[in-house]
>>> print(open('my_file.txt').read())   # compact mmCIF, C-alpha atoms
# COMPACT_ATOMS: atom_id res chain seq x y z
CA MET L 1 15.55 331.71 217.78
CA GLN L 2 15.88 332.88 221.38
CA THR L 3 19.05 330.85 221.71
CA LEU L 4 20.54 332.65 218.70
CA SER L 5 19.55 336.10 219.99
CA ALA L 6 20.90 335.29 223.44
CA ALA L 7 24.23 334.39 221.83
CA GLY L 8 24.25 337.72 219.98
CA ILE L 9 23.66 336.14 216.60
CA LYS L 10 21.48 338.18 214.24
CA VAL L 11 19.04 336.47 211.91
CA TYR L 12 17.92 337.74 208.51
CA GLY L 13 15.52 336.25 206.02
CA VAL L 14 15.74 337.26 202.37
CA SER L 15 13.07 336.49 199.77
CA TYR L 16 11.59 338.01 196.62
CA ASP L 17 8.38 339.00 198.45
CA ALA L 18 7.10 342.56 198.64
CA VAL L 19 7.31 344.53 201.90
CA SER L 20 3.52 344.27 202.37
CA GLU L 21 3.64 340.48 202.00
CA LEU L 22 6.46 340.21 204.52
CA LYS L 23 4.57 342.51 206.90
CA ALA L 24 1.48 340.32 206.80
CA PHE L 25 3.52 337.18 207.44
CA SER L 26 5.56 338.83 210.18
CA ASP L 27 2.43 340.06 212.00
CA ARG L 28 0.71 336.73 211.72
CA TYR L 29 3.59 334.68 213.09
CA SER L 30 5.13 337.37 215.37
CA ILE L 31 8.50 337.33 213.62
CA GLY L 32 11.10 339.10 215.74
CA TYR L 33 13.87 339.41 213.16
CA ASP L 34 14.30 341.22 209.85
CA LEU L 35 12.62 339.80 206.77
CA LEU L 36 14.22 341.59 203.85
CA SER L 37 12.37 342.29 200.63
CA ASP L 38 14.47 341.57 197.54
CA SER L 39 11.51 342.13 195.27
CA ASP L 40 13.52 342.36 192.03
CA SER L 41 15.84 339.51 193.12
CA ALA L 42 18.85 341.81 192.69
CA VAL L 43 20.55 340.58 195.85
CA ILE L 44 19.68 336.96 195.14
CA THR L 45 21.30 337.43 191.71
CA GLU L 46 24.35 339.24 193.10
CA VAL L 47 24.93 336.57 195.72
CA GLY L 48 24.88 334.18 192.75
CA ILE L 49 22.09 331.85 193.82
CA LEU L 50 19.27 332.81 191.41
CA ASN L 51 17.43 329.70 190.24
CA THR L 52 18.46 329.70 186.59
CA LEU L 53 16.25 326.72 185.76
CA ILE L 54 13.20 328.99 185.64
CA GLU L 55 12.83 331.11 182.50
CA GLU L 56 12.55 334.85 183.04
CA ASP L 57 9.45 335.02 180.82
CA SER L 58 7.76 331.99 182.37
CA GLN L 59 4.02 332.64 182.34
CA VAL L 60 3.27 329.94 184.89
CA MET L 61 2.32 331.53 188.19
CA SER L 62 2.50 330.25 191.74
CA PRO L 63 -0.70 329.42 193.65
CA ALA L 64 -0.47 332.91 195.13
CA GLY L 65 -0.27 334.50 191.68
CA LYS L 66 3.44 335.27 191.90
CA SER L 67 5.98 334.53 189.19
CA PHE L 68 8.35 331.64 189.81
CA TYR L 69 11.20 333.59 188.25
CA GLY L 70 13.39 335.30 190.83
CA LEU L 71 13.50 332.43 193.30
CA PRO L 72 16.87 331.55 194.75
CA PHE L 73 18.39 328.14 195.12
CA PRO L 74 17.39 328.29 198.77
CA GLY L 75 20.07 328.13 201.42
CA VAL L 76 21.45 329.39 204.69
CA PHE L 77 24.71 331.27 205.30
CA VAL L 78 26.26 331.34 208.77
CA LEU L 79 28.56 334.37 209.09
CA ASP L 80 31.29 335.01 211.65
CA GLU L 81 31.97 338.35 213.41
CA GLU L 82 33.83 339.64 210.36
CA GLY L 83 30.96 338.80 208.06
CA LEU L 84 32.78 335.89 206.43
CA VAL L 85 30.93 332.69 205.59
CA ALA L 86 31.68 330.20 208.36
CA GLU L 87 29.23 327.56 207.16
CA LYS L 88 26.56 327.21 204.53
CA PHE L 89 23.64 324.91 204.07
CA PHE L 90 22.40 324.32 200.54
CA ASN L 91 20.35 321.37 199.38
CA ARG L 92 19.68 320.42 195.81
CA SER L 93 15.96 319.88 196.27
CA TYR L 94 13.56 322.46 197.64
CA ALA L 95 12.01 319.55 199.53
CA THR L 96 15.15 318.95 201.58
CA ARG L 97 15.90 321.41 204.36
CA ASP L 98 18.26 321.63 207.26
CA SER L 99 16.66 321.34 210.65
CA ALA L 100 16.62 324.19 213.13
CA GLY L 101 18.75 322.16 215.53
CA SER L 102 21.57 321.51 213.08
CA ILE L 103 21.72 325.14 211.87
CA LEU L 104 21.62 326.39 215.45
CA ASN L 105 24.55 324.20 216.48
CA SER L 106 26.54 325.37 213.48
CA ALA L 107 25.85 329.05 214.17
CA LEU L 108 26.75 328.71 217.83
CA GLY L 109 29.89 326.76 217.04
CA GLU L 110 29.03 324.26 219.75
CA VAL L 111 26.63 321.39 220.12
CA LEU L 112 23.69 322.13 222.37
CA LYS L 113 21.86 319.34 224.09
CA PRO L 114 18.29 320.61 224.28
CA GLU L 115 16.03 319.30 227.03
CA SER L 116 13.26 318.20 224.72
CA THR L 117 15.22 316.00 222.32
CA PRO L 118 15.45 312.20 222.49
CA GLU L 119 18.48 310.95 224.39
CA VAL L 120 20.01 307.68 225.60
CA ASP L 121 22.95 307.37 227.96
CA PHE L 122 25.63 304.91 228.96
CA ALA L 123 28.19 305.19 231.74
CA ASN L 124 30.86 303.19 233.52
CA GLU L 125 33.78 304.31 235.65
CA GLN L 126 36.03 305.14 232.71
CA ILE L 127 33.70 306.65 230.16
CA GLN L 128 30.22 307.95 229.70
CA PHE L 129 28.45 308.71 226.48
CA SER L 130 25.08 309.96 225.49
CA ALA L 131 23.40 309.89 222.12
CA PHE L 132 20.97 312.70 221.41
CA LEU L 133 19.22 314.29 218.48
CA ALA L 134 19.58 317.96 217.48
CA ASP L 135 15.79 318.26 217.20
CA PRO L 136 12.77 317.10 219.20
CA GLU L 137 11.50 315.03 216.26
CA LEU L 138 12.35 314.03 212.70
CA LYS L 139 10.42 315.68 209.89
CA LEU L 140 10.25 314.58 206.27
CA GLU L 141 13.39 315.66 204.37
CA TYR L 142 14.67 317.87 207.17
CA ASN L 143 18.35 317.13 207.73
CA SER L 144 18.82 316.64 211.43
CA MET L 145 21.89 315.45 213.32
CA LEU L 146 22.43 312.65 215.79
CA TYR L 147 25.23 313.36 218.24
CA VAL L 148 27.14 310.93 220.40
CA ARG L 149 28.96 312.81 223.14
CA PHE L 150 31.81 310.97 224.85
CA THR L 151 33.18 312.07 228.19
CA VAL L 152 36.35 310.24 229.19
CA ALA L 153 37.51 310.25 232.81
CA GLU L 154 40.59 312.33 233.63
CA GLY L 155 43.90 310.69 232.75
CA LEU L 156 42.20 308.35 230.28
CA HIS L 157 41.74 308.57 226.53
CA ILE L 158 40.11 306.80 223.61
CA TYR L 159 41.65 306.30 220.18
CA ALA L 160 40.79 307.60 216.74
CA ASP L 161 41.76 306.47 213.24
CA PRO L 162 44.26 306.12 211.65
CA LEU L 163 45.81 303.55 214.00
CA PRO L 164 48.29 300.70 213.70
CA ASP L 165 47.00 297.13 214.06
CA GLY L 166 45.94 296.14 217.53
CA PHE L 167 44.42 299.45 218.53
CA ILE L 168 40.67 300.05 218.56
CA ALA L 169 39.46 303.37 217.15
CA THR L 170 36.34 304.98 218.53
CA THR L 171 33.52 304.43 216.07
CA VAL L 172 29.82 305.14 216.04
CA SER L 173 27.44 303.51 213.61
CA VAL L 174 23.71 303.66 213.23
CA ASN L 175 21.98 300.55 211.94
CA PRO L 176 19.96 301.03 208.75
CA VAL L 177 16.29 301.85 209.30
CA GLU L 178 13.71 301.97 206.53
CA GLY L 179 12.56 305.55 206.15
CA LEU L 180 15.80 307.14 207.33
CA THR L 181 18.79 308.37 205.34
CA ILE L 182 21.82 308.05 207.58
CA GLY L 183 24.99 309.92 206.64
CA GLU L 184 28.64 309.21 207.34
CA PRO L 185 29.71 309.93 210.93
CA ARG L 186 31.75 313.12 211.33
CA TYR L 187 34.50 312.71 213.88
CA PRO L 188 36.06 315.73 215.57
CA PRO L 189 39.76 316.60 215.26
CA THR L 190 42.08 314.49 217.40
CA GLU L 191 45.02 315.26 219.66
CA MET L 192 48.30 313.46 219.11
CA MET L 193 49.57 311.65 222.19
CA ALA L 194 53.11 310.32 222.51
CA PHE L 195 53.62 306.82 223.91
CA GLU L 196 57.27 306.69 224.88
CA ALA L 197 57.38 303.00 225.71
CA LEU L 198 56.12 302.20 222.21
CA ASP L 199 57.93 305.09 220.54
CA VAL L 200 54.80 306.18 218.66
CA GLU L 201 52.41 309.11 218.51
CA LEU L 202 48.75 308.13 218.20
CA PRO L 203 45.57 310.16 217.60
CA VAL L 204 43.39 310.25 220.70
CA TYR L 205 40.37 311.95 222.21
CA GLY L 206 40.26 313.02 225.83
CA GLY L 207 37.72 314.97 227.86
CA ALA L 208 34.46 315.58 226.01
CA VAL L 209 34.03 314.96 222.27
CA ASP L 210 31.01 314.96 219.96
CA VAL L 211 30.58 312.65 216.98
CA ALA L 212 27.89 313.87 214.57
CA ILE L 213 25.83 311.69 212.23
CA PRO L 214 23.47 313.34 209.67
CA ILE L 215 20.04 311.80 209.78
CA THR L 216 17.01 312.57 207.60
CA ALA L 217 13.52 311.09 207.36
CA ASN L 218 13.11 310.25 203.66
CA ALA L 219 10.10 309.61 201.45
CA ASP L 220 10.01 305.92 202.42
CA VAL L 221 8.24 306.99 205.58
CA LEU L 222 5.33 307.98 203.35
CA ASN L 223 5.10 304.56 201.79
CA TRP L 224 3.85 302.78 204.87
CA THR L 225 0.17 302.08 204.82
CA LEU L 226 -1.89 304.32 207.04
CA THR L 227 -2.73 301.58 209.52
CA ASP L 228 0.83 300.78 210.52
CA LYS L 229 2.30 304.26 210.12
CA PRO L 230 4.47 304.68 213.21
CA ASP L 231 4.72 307.73 215.43
CA SER L 232 8.35 306.94 216.09
CA LEU L 233 11.29 304.86 214.89
CA GLU L 234 13.85 302.85 216.83
CA LEU L 235 17.45 303.80 216.16
CA GLY L 236 20.07 301.17 216.95
CA ILE L 237 23.41 302.82 217.68
CA ASP L 238 26.63 300.81 218.01
CA VAL L 239 29.49 302.44 219.87
CA ARG L 240 32.91 300.79 219.76
CA TYR L 241 35.79 302.06 221.85
CA GLN L 242 38.74 301.19 224.01
CA VAL L 243 39.67 303.27 227.03
CA CYS L 244 43.36 303.53 227.92
CA SER L 245 45.59 305.47 230.25
CA ASP L 246 49.20 306.23 229.30
CA VAL L 247 50.30 302.90 230.80
CA PHE L 248 47.48 300.40 230.41
CA CYS L 249 44.27 299.69 228.53
CA TYR L 250 40.85 298.41 229.47
CA LEU L 251 39.25 295.76 227.27
CA PRO L 252 37.75 297.01 223.99
CA LYS L 253 34.00 297.40 224.28
CA LEU L 254 31.01 297.41 221.96
CA GLU L 255 27.92 299.01 223.45
CA HIS L 256 24.54 299.03 221.81
CA LEU L 257 22.15 301.90 222.45
CA THR L 258 18.53 302.05 221.36
CA MET L 259 16.90 305.42 220.90
CA THR L 260 13.25 306.06 220.14
CA VAL L 261 12.93 308.97 217.73
CA PRO L 262 9.52 310.64 217.31
CA LEU L 263 8.40 311.38 213.75
CA GLY L 264 6.84 314.79 213.10
CA PRO L 265 3.89 315.38 210.83
CA LEU L 266 4.77 314.05 207.37
CA VAL L 267 3.59 317.06 205.45
CA ARG L 268 5.48 319.81 203.74
CA MET Y 1 6.31 290.71 180.34
CA ILE Y 2 8.62 293.57 181.24
CA SER Y 3 9.79 295.54 178.22
CA LEU Y 4 13.44 296.41 177.64
CA LYS Y 5 12.56 300.08 177.67
CA SER Y 6 10.88 300.01 181.05
CA LEU Y 7 13.74 297.93 182.44
CA TYR Y 8 16.17 300.56 181.17
CA GLY Y 9 14.03 303.28 182.74
CA LEU Y 10 14.00 301.44 186.04
CA LEU Y 11 17.76 300.95 185.99
CA SER Y 12 18.43 304.60 185.18
CA ALA Y 13 16.04 305.63 187.95
CA ILE Y 14 17.97 303.44 190.38
CA ALA Y 15 21.29 304.82 189.13
CA LEU Y 16 19.98 308.36 189.61
CA LEU Y 17 18.78 307.55 193.10
CA LEU Y 18 22.18 306.18 194.01
CA ALA Y 19 23.97 309.16 192.52
CA PHE Y 20 21.76 311.62 194.36
CA ALA Y 21 21.46 309.79 197.64
CA SER Y 22 23.41 312.35 199.67
CA PRO Y 23 22.66 316.05 199.31
CA VAL Y 24 25.85 317.92 200.21
CA PHE Y 25 27.53 321.22 199.51
CA ALA Y 26 28.04 321.98 195.89
CA ALA Y 27 30.89 323.47 193.97
CA ASP Y 28 30.01 326.74 192.30
CA THR Y 29 29.28 326.35 188.65
CA GLY Y 30 28.04 328.36 185.72
CA THR Y 31 25.40 326.16 184.15
CA VAL Y 32 22.90 324.07 186.00
CA GLN Y 33 21.10 321.05 184.67
CA GLY Y 34 17.60 320.64 186.03
CA LEU Y 35 16.13 317.41 187.27
CA HIS Y 36 13.31 317.85 184.73
CA GLU Y 37 15.93 317.68 181.96
CA VAL Y 38 17.11 314.32 183.22
CA LEU Y 39 13.95 312.60 184.42
CA ASP Y 40 10.66 312.40 182.56
CA PRO Y 41 9.34 316.00 182.67
CA ASN Y 42 5.83 314.67 183.30
CA SER Y 43 6.86 312.56 186.28
CA ARG Y 44 5.10 313.50 189.48
CA THR Y 45 7.60 311.66 191.62
CA ASP Y 46 11.02 313.22 192.07
CA ASP Y 47 14.29 311.48 192.80
CA LEU Y 48 13.69 311.76 196.53
CA GLY Y 49 10.58 309.64 196.05
CA ILE Y 50 8.26 312.52 196.85
CA THR Y 51 5.04 312.50 194.84
CA VAL Y 52 2.95 315.65 194.45
CA PRO Y 53 0.18 316.59 192.00
CA ILE Y 54 2.39 318.76 189.76
CA PRO Y 55 4.98 317.35 187.33
CA ILE Y 56 8.68 317.92 187.97
CA SER Y 57 8.95 320.19 184.91
CA HIS Y 58 6.61 322.72 186.55
CA PRO Y 59 8.66 325.88 187.30
CA GLY Y 60 7.81 325.65 190.98
CA ARG Y 61 9.41 322.19 191.21
CA ARG Y 62 12.58 322.83 189.20
CA TYR Y 63 15.73 322.01 191.02
CA PRO Y 64 19.22 320.90 190.05
CA ALA Y 65 19.84 317.37 188.81
CA THR Y 66 23.18 317.10 190.59
CA ASP Y 67 24.91 318.56 193.62
CA ASP Y 68 26.80 320.82 191.24
CA PHE Y 69 24.98 324.16 191.37
CA PRO Y 70 25.92 327.68 192.49
CA THR Y 71 25.69 328.29 196.23
CA GLY Y 72 27.18 331.78 196.39
CA PRO Y 73 30.29 332.88 198.28
CA ASP Y 74 32.60 330.11 199.49
CA LEU Y 75 33.52 329.51 203.10
CA GLY Y 76 35.77 332.35 204.26
CA GLU Y 77 34.34 334.84 201.74
CA ALA Y 78 31.92 337.69 202.45
CA LEU Y 79 28.42 338.24 201.11
CA PRO Y 80 28.10 341.26 198.79
CA GLU Y 81 27.09 344.61 200.31
CA PHE Y 82 23.37 345.23 200.07
CA SER Y 83 20.55 347.35 201.48
CA LEU Y 84 16.96 346.12 201.46
CA GLN Y 85 13.69 347.13 203.10
CA ASN Y 86 12.50 344.99 205.99
CA GLN Y 87 8.89 344.02 206.74
CA HIS Y 88 8.33 347.38 208.45
CA GLY Y 89 9.44 349.33 205.39
CA GLU Y 90 12.73 350.38 207.03
CA MET Y 91 15.87 350.36 204.91
CA VAL Y 92 18.38 347.88 206.34
CA ASP Y 93 22.02 348.27 205.32
CA PHE Y 94 23.09 344.69 205.91
CA SER Y 95 26.74 345.15 206.86
CA ALA Y 96 26.02 348.24 209.02
CA HIS Y 97 23.12 346.49 210.75
CA ARG Y 98 25.07 343.31 211.32
CA ALA Y 99 28.00 345.39 212.62
CA ASP Y 100 30.33 342.87 214.26
CA SER Y 101 27.73 340.29 215.25
CA ARG Y 102 27.66 336.76 214.00
CA ALA Y 103 24.68 336.23 211.73
CA VAL Y 104 22.50 333.64 210.07
CA VAL Y 105 21.17 334.69 206.64
CA VAL Y 106 18.39 332.57 205.21
CA PHE Y 107 17.53 332.81 201.51
CA PHE Y 108 14.10 331.22 201.24
CA ARG Y 109 11.37 330.77 198.69
CA SER Y 110 8.50 333.02 199.73
CA VAL Y 111 6.23 333.85 202.65
CA VAL Y 112 3.23 333.78 200.32
CA TRP Y 113 3.34 330.28 198.82
>>> encode(input="my_file.txt", output="structure tokens")
Amino acid sequence: MQTLSAAGIKVYGVSYDAVSELKAFSDRYSIGYDLLSDSDSAVITEVGILNTLIEEDSQVMSPAGKSFYGLPFPGVFVLDEEGLVAEKFFNRSYATRDSAGSILNSALGEVLKPESTPEVDFANEQIQFSAFLADPELKLEYNSMLYVRFTVAEGLHIYADPLPDGFIATTVSVNPVEGLTIGEPRYPPTEMMAFEALDVELPVYGGAVDVAIPITANADVLNWTLTDKPDSLELGIDVRYQVCSDVFCYLPKLEHLTMTVPLGPLVR
Amino acid sequence: MISLKSLYGLLSAIALLLAFASPVFAADTGTVQGLHEVLDPNSRTDDLGITVPIPISHPGRRYPATDDFPTGPDLGEALPEFSLQNQHGEMVDFSAHRADSRAVVVFFRSVVW
């Protein structure tokens, strides 16, 4: 929250609650941004995200005595300076949410490496990389992000797909862990580098690059019996790369990192 | 002895799980099919494997059966103009208040429940 404000990013919450309900919540939790009352769901409807699966005349009431009708398909819009949607986060199930860390990074347009999040590092003379999580811990059905940040020494580069045979692309993979849903790695855009001796242009990364891997604690974490329910999980991360200069290459490498990821309270 | 019907149910549950394994952005669409129209409405366990005391057909648990559901303006489009009262009873004209700042707008369920 403070990070967003410091970056000049304004935050708004919109729900179908009455002003008095929002006031009570805001006082209780010292909310420093605007909670907007869309009590007749007019804005939710106009934005086009009204939950149409709930009948308007549904007599079933929420535990708090409110109607279910008027709820949105919940989601988050990240807007740029011109008010245009730069990113949006919508999940099919109300139970699945995007973590604060992943939304923050999207809004800022850069990947922050917070102090309090799990991290493992590797370094040699040509390259260093660190794997870190967007959030201090994983919570049930909160979509977090694992980042692997590569920093390649000056004058050197690493490769990215698509490549001809004989070249090693930079890849990151996370070994399957029961209780975690691990998404496809998202690789950043590459630069094209010309190799005159070979008469080819190949996609490369230089400097600092972040590879992002979506990671979510799923309901399997609930299925463990109480006695062996862990406080954390071990993530095995394989990093494959080959460092080259414009005239020679080092040997391809496969490094294995192990990160211990704390699990948050498994309640919604 | 496992009956053919329960085997079929198990297989369709597995197929559903596979189909829904990755929640991602959805294309905007007019009609939405609910999970309770696809799974047993009385089931207390949803396709994410989360079990709670109310069945999935309960209005409070209704959510789309596929990733195809409306998610509002596309990337590069603007939100509609709107003015709403904030928690202090002040009228907030969204686009005037946002001015030329970047913003995060969260549409959430409720502060009450």
>>> closest_residue(input="my_file.txt", among="L:Ala153, L:Ala42, L:Cys244, L:Leu53", to="chain Y", atoms="only C-alpha atoms")
L:Leu53
>>> interface_residues(input="my_file.txt", of="chain Y", to="chain L", cutoff="6 Å", atoms="all atoms listed in the file", output="VMD selection string")
chain Y and resid 23 49 to 50 59 63 to 64 67 70 to 72 75 to 78 84 to 87 100 to 108 110 113
>>> closest_residue(input="my_file.txt", among="L:Tyr142, L:Pro114, L:Asp246, L:Val148", to="Glu196 in chain L", atoms="all atoms listed in the file")
L:Asp246
>>> residues_near_point(input="my_file.txt", point="(22.6, 323.5, 184.7)", cutoff="8 Å", atoms="all atoms listed in the file", output="number ranges by chain")
L: 52-53; Y: 30-34, 64-65, 69
>>> write_last_selection(input="my_file.txt", atoms="C-alpha atoms", output="CSV table (one decimal), in the frame of the given file")
chain,number,residue,atom,x,y,z
L,52,THR,CA,18.5,329.7,186.6
L,53,LEU,CA,16.2,326.7,185.8
Y,30,GLY,CA,28.0,328.4,185.7
Y,31,THR,CA,25.4,326.2,184.2
Y,32,VAL,CA,22.9,324.1,186.0
Y,33,GLN,CA,21.1,321.0,184.7
Y,34,GLY,CA,17.6,320.6,186.0
Y,64,PRO,CA,19.2,320.9,190.0
Y,65,ALA,CA,19.8,317.4,188.8
Y,69,PHE,CA,25.0,324.2,191.4
>>> atom_distance(input="my_file.txt", atom1="CA of Phe132 in chain L", atom2="CA of Ser99 in chain L")
14.5 Å
>>> atom_distance(input="my_file.txt", atom1="CA of Tyr250 in chain L", atom2="CA of Ile213 in chain L")
26.4 Å
>>> closest_residue(input="my_file.txt", among="L:Thr216, L:Thr190, L:Ser245, L:Thr260", to="Pro230 in chain L", atoms="only C-alpha atoms")
L:Thr260
>>> atom_distance(input="my_file.txt", atom1="CA of Pro162 in chain L", atom2="CA of Val177 in chain L")
28.4 Å
>>> residues_around(input="my_file.txt", residues="Leu35 in chain Y", least_positions_apart="6", cutoff="9 Å", atoms="all atoms listed in the file", output="VMD selection string")
chain Y and resid 41 46 to 47 56 to 57 62 to 66
>>> write_last_selection(input="my_file.txt", atoms="C-alpha atoms", output="mmCIF file, keeping the file's coordinate frame")
data_model
loop_
_atom_site.group_PDB
_atom_site.id
_atom_site.type_symbol
_atom_site.label_atom_id
_atom_site.label_comp_id
_atom_site.auth_asym_id
_atom_site.auth_seq_id
_atom_site.Cartn_x
_atom_site.Cartn_y
_atom_site.Cartn_z
ATOM 1 C CA PRO Y 41 9.340 316.000 182.670
ATOM 2 C CA ASP Y 46 11.020 313.220 192.070
ATOM 3 C CA ASP Y 47 14.290 311.480 192.800
ATOM 4 C CA ILE Y 56 8.680 317.920 187.970
ATOM 5 C CA SER Y 57 8.950 320.190 184.910
ATOM 6 C CA ARG Y 62 12.580 322.830 189.200
ATOM 7 C CA TYR Y 63 15.730 322.010 191.020
ATOM 8 C CA PRO Y 64 19.220 320.900 190.050
ATOM 9 C CA ALA Y 65 19.840 317.370 188.810
ATOM 10 C CA THR Y 66 23.180 317.100 190.590
#
>>> closest_residue(input="my_file.txt", among="L:Val152, L:Leu133, L:Ala100, L:Ile168", to="Leu235 in chain L", atoms="only C-alpha atoms")
L:Leu133
>>> residues_near_point(input="my_file.txt", point="(21.7, 321.5, 218.0)", cutoff="7 Å", atoms="all atoms listed in the file", output="VMD selection string")
chain L and resid 101 to 102 104 to 105 111 to 113 134 to 135
>>> write_last_selection(input="my_file.txt", atoms="C-alpha atoms", output="mmCIF file, in the coordinates of the input")
data_model
loop_
_atom_site.group_PDB
_atom_site.id
_atom_site.type_symbol
_atom_site.label_atom_id
_atom_site.label_comp_id
_atom_site.auth_asym_id
_atom_site.auth_seq_id
_atom_site.Cartn_x
_atom_site.Cartn_y
_atom_site.Cartn_z
ATOM 1 C CA GLY L 101 18.750 322.160 215.530
ATOM 2 C CA SER L 102 21.570 321.510 213.080
ATOM 3 C CA LEU L 104 21.620 326.390 215.450
ATOM 4 C CA ASN L 105 24.550 324.200 216.480
ATOM 5 C CA VAL L 111 26.630 321.390 220.120
ATOM 6 C CA LEU L 112 23.690 322.130 222.370
ATOM 7 C CA LYS L 113 21.860 319.340 224.090
ATOM 8 C CA ALA L 134 19.580 317.960 217.480
ATOM 9 C CA ASP L 135 15.790 318.260 217.200
#
>>> closest_residue(input="my_file.txt", among="L:Leu254, L:Ala131, L:Ala160, L:Ala197", to="Tyr147 in chain L", atoms="all atoms listed in the file")
L:Ala131
